[in-house]
Every structure is written in structure tokens, then in C-alpha cells.
file target36.txt (compact mmCIF, C-alpha atoms)
# COMPACT_ATOMS: atom_id res chain seq x y z
CA MET A 1385 -49.83 -67.77 329.41
CA ALA A 1386 -52.25 -66.40 326.82
CA LEU A 1387 -51.83 -68.43 323.65
CA TYR A 1388 -52.74 -65.95 320.94
CA LYS A 1389 -51.53 -62.86 322.77
CA ASP A 1390 -48.00 -64.26 322.94
CA TRP A 1391 -48.10 -65.98 319.55
CA CYS A 1392 -49.73 -63.67 317.01
CA ASP A 1393 -50.13 -60.12 315.75
CA ASP A 1394 -53.60 -58.99 314.71
CA ASP A 1395 -54.32 -56.66 311.79
CA GLY A 1396 -58.06 -56.76 312.36
CA ASP A 1397 -61.00 -54.52 311.63
CA GLU A 1398 -64.40 -53.86 313.19
CA ASP A 1399 -67.63 -52.69 311.57
CA GLY A 1400 -70.62 -52.52 313.89
CA LEU A 1401 -71.39 -56.03 315.06
CA LYS A 1402 -68.77 -57.55 312.75
CA ARG A 1403 -65.14 -58.24 313.59
CA TYR A 1404 -62.34 -59.37 311.26
CA LEU A 1405 -59.16 -60.85 312.71
CA ALA A 1406 -56.13 -61.44 310.47
CA LEU A 1407 -53.59 -63.25 312.64
CA THR A 1408 -49.94 -63.70 311.73
CA GLU A 1409 -47.14 -65.13 313.81
CA LYS A 1410 -44.96 -62.67 315.73
CA GLU A 1411 -41.22 -62.92 315.37
CA GLY A 1412 -40.35 -65.51 318.00
CA GLY A 1413 -44.02 -66.01 318.78
CA ARG A 1414 -44.17 -69.68 317.89
CA ALA A 1415 -41.12 -70.46 319.99
CA ALA A 1416 -42.75 -68.70 322.94
CA VAL A 1417 -45.87 -70.87 322.84
CA ILE A 1418 -44.73 -74.10 321.20
CA ASP A 1419 -44.84 -76.15 324.41
CA LEU A 1420 -48.24 -74.69 325.27
CA LEU A 1421 -49.52 -75.51 321.77
CA GLY A 1422 -48.53 -79.14 322.17
CA GLU A 1423 -50.14 -79.40 325.59
CA THR A 1424 -53.28 -77.59 324.42
CA VAL A 1425 -53.80 -79.97 321.50
CA ARG A 1426 -53.15 -82.92 323.80
CA SER A 1427 -55.78 -81.66 326.25
CA HIS A 1428 -58.46 -81.59 323.55
CA TYR A 1429 -58.13 -85.35 323.09
CA GLU A 1430 -57.74 -86.40 326.72
CA ARG A 1431 -57.95 -84.89 330.19
CA LEU A 1432 -54.49 -83.94 331.40
CA ASP A 1433 -55.12 -85.41 334.85
CA ARG A 1434 -55.96 -88.75 333.24
CA ILE A 1435 -52.70 -88.64 331.27
CA ALA A 1436 -50.89 -87.88 334.53
CA ASP A 1437 -52.51 -90.95 336.11
CA ASP A 1438 -51.30 -93.07 333.18
CA ILE A 1439 -47.77 -91.78 333.73
CA ASP A 1440 -47.89 -92.57 337.46
CA LEU A 1441 -49.23 -96.09 336.88
CA LEU A 1442 -47.53 -97.09 333.64
CA GLY A 1443 -44.59 -94.78 333.02
CA TYR A 1444 -43.99 -92.19 330.32
CA GLU A 1445 -43.48 -94.57 327.39
CA THR A 1446 -46.69 -96.53 327.91
CA ALA A 1447 -48.70 -93.39 328.74
CA ALA A 1448 -47.49 -91.82 325.50
CA ALA A 1449 -48.44 -94.95 323.56
CA ILE A 1450 -51.99 -94.72 324.92
CA LEU A 1451 -52.21 -91.02 324.07
CA ARG A 1452 -50.97 -91.54 320.52
CA GLU A 1453 -53.80 -93.99 319.91
CA LEU A 1454 -56.18 -91.03 320.29
CA LEU A 1455 -54.34 -88.64 317.97
CA PRO A 1456 -54.96 -88.67 314.22
CA THR A 1457 -52.07 -89.64 311.96
CA LYS A 1458 -53.40 -88.64 308.54
CA PRO A 1459 -52.45 -85.08 307.46
CA LYS A 1460 -55.98 -84.14 306.36
CA MET A 1461 -57.56 -85.26 309.63
CA ARG A 1462 -54.86 -83.57 311.68
CA ALA A 1463 -55.45 -80.33 309.79
CA GLY A 1464 -59.21 -80.45 310.34
CA ASP A 1465 -58.91 -81.29 314.01
CA LEU A 1466 -56.28 -78.62 314.62
CA GLY A 1467 -58.53 -76.01 313.03
CA GLU A 1468 -61.27 -76.86 315.51
CA VAL A 1469 -58.86 -76.91 318.45
CA LEU A 1470 -57.38 -73.51 317.61
CA ALA A 1471 -60.83 -72.08 316.91
CA SER A 1472 -62.07 -73.20 320.33
CA GLU A 1473 -59.05 -71.65 322.03
CA LEU A 1474 -59.55 -68.38 320.14
CA ALA A 1475 -63.24 -68.26 321.10
CA GLN A 1476 -62.24 -68.46 324.75
CA GLU A 1477 -59.31 -66.06 324.62
CA MET A 1478 -60.49 -63.41 322.16
CA LEU A 1479 -64.27 -63.72 321.77
CA GLU A 1480 -65.15 -64.12 325.46
CA PHE A 1481 -67.01 -67.41 325.08
CA ASP A 1482 -66.41 -70.56 327.06
CA VAL A 1483 -66.25 -73.74 324.97
CA PRO A 1484 -67.37 -76.16 327.69
CA VAL A 1485 -67.01 -79.45 325.83
CA ARG A 1486 -63.86 -80.59 324.03
CA ARG A 1487 -65.35 -82.61 321.21
CA MET A 1488 -62.20 -84.51 320.25
CA ARG A 1489 -62.45 -86.51 323.47
CA PHE A 1490 -65.63 -88.11 322.16
CA LYS A 1491 -64.56 -89.16 318.67
CA ASP A 1492 -65.41 -92.75 317.75
CA GLY A 1493 -62.33 -93.04 315.56
CA ARG A 1494 -59.22 -90.93 315.37
CA GLU A 1495 -59.35 -90.67 311.55
CA VAL A 1496 -63.02 -89.67 311.32
CA PRO A 1497 -64.44 -86.14 311.64
CA MET A 1498 -67.04 -85.11 314.17
CA ARG A 1499 -70.44 -84.10 312.79
CA GLY A 1500 -72.41 -80.96 313.51
CA ASP A 1501 -71.22 -77.48 314.41
CA ASP A 1502 -67.43 -77.36 314.73
CA PHE A 1503 -67.46 -75.47 318.01
CA ILE A 1504 -70.12 -74.04 320.30
CA GLY A 1505 -69.37 -71.27 322.78
CA VAL A 1506 -71.38 -70.24 325.81
CA ASN A 1507 -71.71 -66.91 327.58
CA PHE A 1508 -74.41 -65.09 329.53
CA CYS A 1509 -76.04 -61.71 329.04
CA SER A 1510 -74.87 -59.16 331.61
CA ASP A 1511 -78.35 -57.62 331.76
CA ASP A 1512 -80.48 -60.61 332.67
CA GLY A 1513 -78.10 -63.57 332.99
CA GLY A 1514 -79.71 -65.23 329.98
CA LEU A 1515 -77.93 -67.72 327.76
CA TRP A 1516 -75.78 -66.40 324.88
CA LEU A 1517 -74.38 -68.84 322.32
CA LEU A 1518 -71.64 -68.87 319.69
CA LYS A 1519 -72.06 -71.03 316.58
CA GLY A 1520 -68.71 -71.70 314.96
CA GLU A 1521 -67.28 -73.20 311.80
CA ALA A 1522 -63.58 -73.99 311.41
CA LYS A 1523 -61.77 -74.62 308.12
CA SER A 1524 -58.15 -75.61 307.66
CA ARG A 1525 -56.56 -75.53 304.20
CA ARG A 1526 -53.07 -75.28 302.77
CA LYS A 1527 -54.57 -72.95 300.16
CA LEU A 1528 -57.82 -71.45 301.37
CA GLY A 1529 -60.22 -70.22 298.68
CA LYS A 1530 -63.70 -68.91 298.08
CA THR A 1531 -65.42 -72.31 297.77
CA THR A 1532 -64.40 -73.40 301.27
CA ILE A 1533 -65.36 -70.04 302.76
CA THR A 1534 -68.76 -70.19 301.06
CA GLU A 1535 -69.35 -73.71 302.40
CA ALA A 1536 -68.55 -72.56 305.92
CA ARG A 1537 -70.85 -69.56 305.69
CA GLU A 1538 -73.69 -71.74 304.41
CA ALA A 1539 -73.19 -74.04 307.38
CA LEU A 1540 -73.47 -71.07 309.74
CA LYS A 1541 -76.73 -70.02 308.08
CA ARG A 1542 -78.38 -73.44 308.43
CA ASP A 1543 -81.17 -73.91 310.96
CA ASP A 1544 -81.98 -70.21 310.64
CA GLY A 1545 -78.56 -69.37 312.01
CA ARG A 1546 -79.11 -71.33 315.23
CA CYS A 1547 -76.73 -73.93 316.57
CA THR A 1548 -77.84 -77.25 315.13
CA PRO A 1549 -80.03 -79.20 317.58
CA ILE A 1550 -77.89 -82.33 317.48
CA SER A 1551 -74.78 -80.30 318.31
CA LEU A 1552 -76.47 -78.52 321.20
CA LEU A 1553 -77.82 -81.80 322.57
CA PHE A 1554 -74.35 -83.33 322.38
CA VAL A 1555 -72.94 -80.46 324.45
CA ALA A 1556 -75.89 -80.52 326.85
CA SER A 1557 -75.62 -84.25 327.46
CA ARG A 1558 -71.90 -84.10 328.21
CA LEU A 1559 -72.48 -81.26 330.69
CA MET A 1560 -75.43 -82.96 332.35
CA ASP A 1561 -73.27 -86.04 332.94
CA SER A 1562 -70.96 -83.90 335.10
CA ASP A 1563 -70.87 -84.13 338.89
CA ASP A 1564 -70.40 -80.35 338.94
CA GLU A 1565 -73.78 -78.75 339.65
CA ASP A 1566 -73.00 -75.62 337.65
CA GLN A 1567 -72.02 -77.68 334.61
CA ALA A 1568 -75.11 -79.84 334.91
CA ASP A 1569 -77.30 -76.74 335.22
CA LEU A 1570 -75.73 -75.24 332.11
CA GLY A 1571 -76.44 -78.48 330.27
CA ARG A 1572 -80.07 -78.28 331.34
CA ARG A 1573 -80.35 -74.70 330.07
CA ILE A 1574 -78.83 -75.64 326.72
CA ARG A 1575 -81.16 -78.64 326.44
CA ASN A 1576 -84.13 -76.36 327.13
CA GLU A 1577 -83.04 -74.10 324.29
CA VAL A 1578 -83.23 -77.01 321.84
CA GLY A 1579 -86.89 -77.46 322.65
CA LYS A 1580 -87.98 -73.86 323.12
CA LYS A 1581 -85.76 -72.07 320.55
CA ALA A 1582 -86.19 -69.01 322.73
CA LEU A 1583 -82.92 -67.21 322.04
CA ALA A 1584 -83.16 -64.09 319.86
CA ARG A 1585 -80.87 -63.92 316.84
CA ASN A 1586 -78.76 -61.26 318.54
CA ARG A 1587 -77.91 -63.80 321.25
CA ILE A 1588 -76.50 -66.34 318.80
CA ASP A 1589 -73.16 -65.07 317.50
CA HIS A 1590 -71.40 -66.56 314.48
CA ALA A 1591 -67.69 -67.25 314.09
CA LEU A 1592 -65.84 -68.40 310.98
CA PHE A 1593 -62.29 -69.49 311.84
CA THR A 1594 -59.78 -70.38 309.14
CA LEU A 1595 -56.26 -71.79 309.37
CA SER A 1596 -54.35 -71.48 306.11
CA GLY A 1597 -50.99 -71.56 304.41
CA ASN A 1598 -51.94 -68.60 302.22
CA GLY A 1599 -52.96 -65.08 303.10
CA PRO A 1600 -54.31 -62.47 302.98
CA ILE A 1601 -57.48 -63.93 301.46
CA ASP A 1602 -59.74 -61.58 299.53
CA ALA A 1603 -62.73 -63.94 299.66
CA LEU A 1604 -62.58 -63.96 303.45
CA VAL A 1605 -62.64 -60.16 303.58
CA GLU A 1606 -65.61 -60.21 301.21
CA ASP A 1607 -67.37 -62.71 303.48
CA TYR A 1608 -66.76 -60.43 306.47
CA LYS A 1609 -68.18 -57.42 304.64
CA ALA A 1610 -71.25 -59.34 303.45
CA ALA A 1611 -72.13 -61.01 306.78
CA GLU A 1612 -75.81 -60.61 307.63
CA ALA A 1613 -77.05 -57.92 309.98
CA GLY A 1614 -78.63 -58.49 313.37
CA ARG A 1615 -76.00 -60.60 315.11
CA ASN A 1616 -72.31 -60.50 316.08
CA HIS A 1617 -69.90 -62.02 313.58
CA ALA A 1618 -66.23 -62.89 313.93
CA VAL A 1619 -64.30 -63.78 310.76
CA VAL A 1620 -60.79 -65.03 311.49
CA ASN A 1621 -57.75 -66.15 309.54
CA LEU A 1622 -54.63 -67.59 311.13
CA HIS A 1623 -51.92 -67.57 308.47
CA ILE A 1624 -49.14 -70.15 308.92
CA GLU A 1625 -46.60 -70.05 306.08
CA ASP A 1626 -45.13 -73.53 306.75
CA TYR A 1627 -48.63 -74.97 307.11
CA ASP A 1628 -47.81 -78.68 306.57
CA ASP A 1629 -44.67 -78.70 308.71
CA PHE A 1630 -46.42 -76.75 311.47
CA ILE A 1631 -49.29 -79.24 311.74
CA ALA A 1632 -46.95 -82.24 311.71
CA ASP A 1633 -44.74 -80.69 314.39
CA ILE A 1634 -47.64 -79.80 316.68
CA TYR A 1635 -49.02 -83.35 316.59
CA GLU A 1636 -45.59 -84.84 317.23
CA ARG A 1637 -45.27 -82.59 320.26
CA ALA A 1638 -48.80 -83.40 321.41
CA GLY A 1639 -47.95 -87.11 321.45
CA ASP A 1640 -44.54 -86.70 323.15
CA LEU A 1641 -44.77 -86.83 326.94
CA GLY A 1642 -41.02 -86.76 327.47
CA ASP A 1643 -39.46 -88.89 330.18
CA ASP A 1644 -39.36 -86.69 333.29
call {"tool": "encode", "arguments": {"input": "target36.txt", "output": "C-alpha cells"}}
result
Amino acid sequence: MALYKDWCDDDGDEDGLKRYLALTEKEGGRAAVIDLLGETVRSHYERLDRIADDIDLLGYETAAAILRELLPTKPKMRAGDLGEVLASELAQEMLEFDVPVRRMRFKDGREVPMRGDDFIGVNFCSDDGGLWLLKGEAKSRRKLGKTTITEAREALKRDDGRCTPISLLFVASRLMDSDDEDQADLGRRIRNEVGKKALARNRIDHALFTLSGNGPIDALVEDYKAAEAGRNHAVVNLHIEDYDDFIADIYERAGDLGDD
């Protein structure tokens, strides 16, 4: 099942290298994907096969107790994490980038944010097979406004628009730890990029993803129109009217493993 395809309508726009996506829930869309949303969020904090092992060894109740220790409980942290989760899923489904490392699995505290770029996507150029990266910022607000959008855009511009070195090295190290040769090779290529900075600006796309209780947002449209030339940009808003209740429900579902 495609998450966004079944969940949302898109009233987007395109202008050259820039793309604006205004996502709103379809009638019945949330109901169609609600189980998938819970499982998707769960999978960003722990591998599903590891959860399955916990169930086999310890039973549903104890496995769920372990899982809930990984999930944030504070509304602000849940909102921030969910923005990054949904941004990563959108990058894979709609922007054609793989997000090879699920950062939430490596948090050193469930109520603390991760540092660095919010999400990094990977693709390859069809012409020469060279690396192509996506630098992403995700913001989640009950009422999204210009200040938050400006902060996100400034973060995208840092390091001359390149993915921040510490973020790239984090991704590279996780991939190089893999027993999968392809994953380890990708990690090596990303690590090389940190040292060489060889990628041209048109091979580092930018994405600004926003999750909000308000919409449409004029400042986001202005940001889309003003985005710098020379690279691909995606500017996205996912409007959820019952923002607080939605986030609370998704995390309750993520932590509920049922009993069968």
C-alpha cells in the first residue's frame, strides 16, 4: 500500500526545478491507512523483525512494554519526530529518494531530538551512476508560521547547501556497519563525499517538509517561489486539522501490538 497515494490529495504546483506539494486528507483516507501509519511510525524506532522476536520470546504485552520505552511521550517531541518520519516516507514515495537510515532507532533518549539534517535521501544519476543526495528539513507545528519556515530554509542553506558533514558521516557509518555489501558500499561513497565535496549543487536537492494544523500557509508559498536557482526544491505541507489528536492517536497505535 502506498501511504500518501491512499491517504492524501495533492494541490501542488511545479515551476522549473521547484515543486510545491499541498497535501490534505482524502475523505476516508486516514481510515484507509491508519494501521499502516501506526506500523510505519513503529518501524522508525525499531526493526519490525526485532519486535516480532520479542513477541515470540516474551509475548505481546512484554514486547509492547519494550517498544513503548522507545517512543516519546511528550507532545512536542512526538510532533517533531512524526514530522521527520512522515518526511522520510514522503521522500521515498513522492521524491524518488531512498532514506537508508532511520534515525529514530539511534536516539540516546526518547525525549531528546536528533541533531543535524532531519532527513537525508539517496539516489543515483541515470547518466553516470553518480551519487545524488537530498538534504531535508522537517517542521511540525499546530500553527505553522513564517518564523519556523525561515528557520528551516536557513538550515537548508547552511554548509553552502550541502548536507552537513556530521549528518552524512552518521548515515555513512550506519551503512558501513551493515553486512549487506551494497549498503556498505553506499556508506563508503557517502563518506568519500564528506572528504571530497565533489557533488555539484544540482546533485544536492533540498526538501522542506511541514506538518501543520493550519493551512494553506502563505509564507510557505512565498518560500517556494523564492527558493534559489540551480537545484531541485520540494516544499511540502501536510495539513491535519485535528493536529494534536492525530499525533496522540498515531503514537498510541504505534505502541499497541495487539494480542494476536
call {"tool": "residues_around", "arguments": {"input": "target36.txt", "residues": "A:Gln1476", "least_positions_apart": "2", "cutoff": "12 Å", "atoms": "only C-alpha atoms", "output": "PyMOL selection string"}}
result
chain A and resi 1386-1388+1469-1474+1478-1484+1503-1507+1518
call {"tool": "closest_residue", "arguments": {"input": "target36.txt", "among": "A:Asp1399, A:Asp1589, A:Asp1465, A:Gly1422", "to": "A:Ala1610", "atoms": "all atoms listed in the file"}}
result
A:Asp1399
call {"tool": "axis_aligned_box", "arguments": {"input": "target36.txt", "around": "stretch 1520-1530 of chain A", "padding_each_side": "4 Å", "output": "lines of an AutoDock Vina configuration file"}}
result
center_x = -60.9
center_y = -72.3
center_z = 306.5
size_x = 23.6
size_y = 14.7
size_z = 24.9
call {"tool": "closest_residue", "arguments": {"input": "target36.txt", "among": "A:Asn1598, A:Ser1524, A:Asn1586, A:Thr1408", "to": "A:Pro1459", "atoms": "only C-alpha atoms"}}
result
A:Ser1524
call {"tool": "atom_distance", "arguments": {"input": "target36.txt", "atom1": "atom CA of A:Ser1557", "atom2": "atom CA of A:Gly1571"}}
result
6.5 Å
call {"tool": "residues_around", "arguments": {"input": "target36.txt", "residues": "A:His1428", "least_positions_apart": "6", "cutoff": "7 Å", "atoms": "all atoms listed in the file", "output": "ChimeraX atom specification"}}
result
/A:1469,1486,1488-1489
call {"tool": "closest_residue", "arguments": {"input": "target36.txt", "among": "A:Gly1413, A:Pro1497, A:Gly1599, A:Gly1642", "to": "A:Lys1389", "atoms": "all atoms listed in the file"}}
result
A:Gly1413
call {"tool": "atom_distance", "arguments": {"input": "target36.txt", "atom1": "atom CA of A:Leu1641", "atom2": "atom CA of A:Asp1564"}}
result
29.0 Å
call {"tool": "closest_residue", "arguments": {"input": "target36.txt", "among": "A:Asp1602, A:Glu1423, A:Asp1633, A:Glu1398", "to": "A:Asn1621", "atoms": "only C-alpha atoms"}}
result
A:Asp1602
call {"tool": "residues_around", "arguments": {"input": "target36.txt", "residues": "stretch 1525-1529 of chain A", "least_positions_apart": "4", "cutoff": "7 Å", "atoms": "all atoms listed in the file", "output": "PDB file with C-alpha atoms, in the frame of the given file"}}
result
ATOM      1  CA  ILE A1533     -65.360 -70.040 302.760  1.00  0.00           C
ATOM      2  CA  LEU A1595     -56.260 -71.790 309.370  1.00  0.00           C
ATOM      3  CA  SER A1596     -54.350 -71.480 306.110  1.00  0.00           C
ATOM      4  CA  GLY A1597     -50.990 -71.560 304.410  1.00  0.00           C
ATOM      5  CA  ASN A1598     -51.940 -68.600 302.220  1.00  0.00           C
ATOM      6  CA  ALA A1603     -62.730 -63.940 299.660  1.00  0.00           C
ATOM      7  CA  TYR A1627     -48.630 -74.970 307.110  1.00  0.00           C
TER       8      TYR A1627
END
call {"tool": "closest_residue", "arguments": {"input": "target36.txt", "among": "A:His1590, A:Arg1452, A:Lys1580, A:Asp1561", "to": "A:Arg1542", "atoms": "all atoms listed in the file"}}
result
A:His1590
call {"tool": "closest_residue", "arguments": {"input": "target36.txt", "among": "A:Ile1634, A:Leu1407, A:Leu1420, A:Leu1540", "to": "A:Leu1592", "atoms": "all atoms listed in the file"}}
result
A:Leu1540
call {"tool": "atom_distance", "arguments": {"input": "target36.txt", "atom1": "atom CA of A:Gly1400", "atom2": "atom CA of A:Ala1611"}}
result
11.2 Å
call {"tool": "residues_around", "arguments": {"input": "target36.txt", "residues": "A:Gly1579", "least_positions_apart": "6", "cutoff": "12 Å", "atoms": "only C-alpha atoms", "output": "list of chain:residue names"}}
result
A:Thr1548, A:Pro1549, A:Ile1550, A:Leu1552, A:Leu1553, A:Arg1572, A:Arg1573
call {"tool": "residues_around", "arguments": {"input": "target36.txt", "residues": "A:Glu1445", "least_positions_apart": "6", "cutoff": "12 Å", "atoms": "all atoms listed in the file", "output": "ChimeraX atom specification"}}
result
/A:1435,1438-1439,1451-1452,1639-1644
call {"tool": "residues_near_point", "arguments": {"input": "target36.txt", "point": "(-52.7, -53.7, 310.6)", "cutoff": "10 Å", "atoms": "all atoms listed in the file", "output": "number ranges by chain"}}
result
A: 1393-1397, 1405-1407
call {"tool": "residues_near_point", "arguments": {"input": "target36.txt", "point": "(-69.8, -60.6, 316.1)", "cutoff": "7 Å", "atoms": "all atoms listed in the file", "output": "ChimeraX atom specification"}}
result
/A:1401-1403,1589-1590,1615-1618
